[in-house]
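**Q** Please find one structure pasted underneath; my questions will follow.
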Amino acid sequence: MGYRYEENDEDRKCLQCGTPIVYGRCDKKFCSLSCKNRFHNREVHSALRQRKREEYALERNYSLLEALMHLKLTEAELSDLVMIGFRPEFYTEVRWSGRRKTICCFDISYGVKEGKVFGICREKGDAEDCKRKNAYLCQEPYAEDSGESEGFDLGSGYGGP
């Protein structure tokens with residue numbers, strides 16, 4: 001590391017405001033302390049905003065599924081749910097039982113097949129009833145030949161793969 005007092009061939013610019021850095025350490029990234037603070041605050045707040053968006057989507061999904069359960073509906077068209085704000089790419093857990101996929105949003109589980117959300121039930125309290133509904137509604141396994149699985153991309157869910 002060295003100090004640089006004159007302009008070199010390298011044009012170093014501040015990562016925040018873009019002004020040229022002509023003096024200071026050769027690995028200096030910001031022109032001032034305020035630019036450095038603004039840059040790092042922006043990074044932190046960006047991550048917090050993303051997390052809040054994900055939490056809001058999960059809460060919205062949960063409230064919609066809970067409303068369907070309150071109306072005693074165990075299945076619905078996925079397109080209808082999406083129109084009222086359901087975001088299928090956000091969930092908290094995926095469980096596989098053989099070739100059948102059960103998706104969970106906190107303590108509410110459901111399956112997705114052929115554009116329908118089915119077997120919506122709360123896992124705590126009535127777990128046996130939930131298992132019976134899922135077994136009854138999903139008697140056919142997913143298609144083997146197509147190479148595609150119905151439902152969601154496992155990598156895009158909340159909480160990682």
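Residues in the structure tokens are numbered from 1 in each chain, the chains being A, B, ... in the order shown, and ligands are numbered from 1 in the order shown.
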Determine, counting only C-alpha atoms, which protein, DNA and RNA residues have an atom within 6 Å of an atom of Cys104 (chain A); residues of the same chain fewer than 5 positions away are not included. Present the result as a PDB file with N, CA and C atoms, in the first residue's frame.
**A**
ATOM      1  N   THR A  92     -42.579 -21.136   3.002  1.00  0.00           N
ATOM      2  CA  THR A  92     -41.576 -21.347   4.038  1.00  0.00           C
ATOM      3  C   THR A  92     -40.960 -22.743   4.006  1.00  0.00           C
ATOM      4  N   GLU A  93     -41.643 -23.703   3.395  1.00  0.00           N
ATOM      5  CA  GLU A  93     -41.120 -25.070   3.408  1.00  0.00           C
ATOM      6  C   GLU A  93     -41.751 -25.879   2.288  1.00  0.00           C
ATOM      7  N   SER A 109     -50.542 -25.860   5.082  1.00  0.00           N
ATOM      8  CA  SER A 109     -49.947 -26.613   3.981  1.00  0.00           C
ATOM      9  C   SER A 109     -50.955 -26.736   2.844  1.00  0.00           C
TER      10      SER A 109
END
**Q** So that I can check the surroundings of region 61-73 of chain A, please list as a list of chain:residue names every protein, DNA and RNA residue that reaches within 7 Å of it, counting only C-alpha atoms and ignoring chain neighbours fewer than 5 positions away.
**A**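 The neighbour list is A:Phe86, A:Arg87, A:Cys105, A:Ile120, A:Cys121.
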**Q** Which residues in region 19-133 of chain A does DSSP call helix (DSSP H, G or I)? List them as a PyMOL selection string.
**A** chain A and resi 33-70+78-83+127-133
**Q** Measuring between only C-alpha atoms, which one of A:Lys13, A:Arg25, A:Lys116, A:His45 shows the shortest distance to Ser79 (chain A)?
**A**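 Checking each candidate against Ser79 (chain A), we get A:Lys116 as the closest.
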**Q** Quick one: of A:Ala47, A:Glu123, A:Lys36, A:Tyr23, who's nearest to Asp107 (chain A), counting only C-alpha atoms?
**A**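 Answer, going by the shortest atom-to-atom distance: A:Glu123.
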**Q** Write out as a PyMOL selection string all residues of region 66-113 of chain A that backbone DSSP assigns to strand (DSSP E).
**A** chain A and resi 76-77+93-97+100-105+108-113
**Q** Between CA of Leu58 (chain A) and CA of Arg99 (chain A), what is the distance in Å, rounded to a tenth?
**A**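 Separating CA of Leu58 (chain A) from CA of Arg99 (chain A) is a distance of 25.2 Å.
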**Q** Between CA of Glu43 (chain A) and CA of Phe106 (chain A), what is the spacing in Å?
**A** 28.8 Å
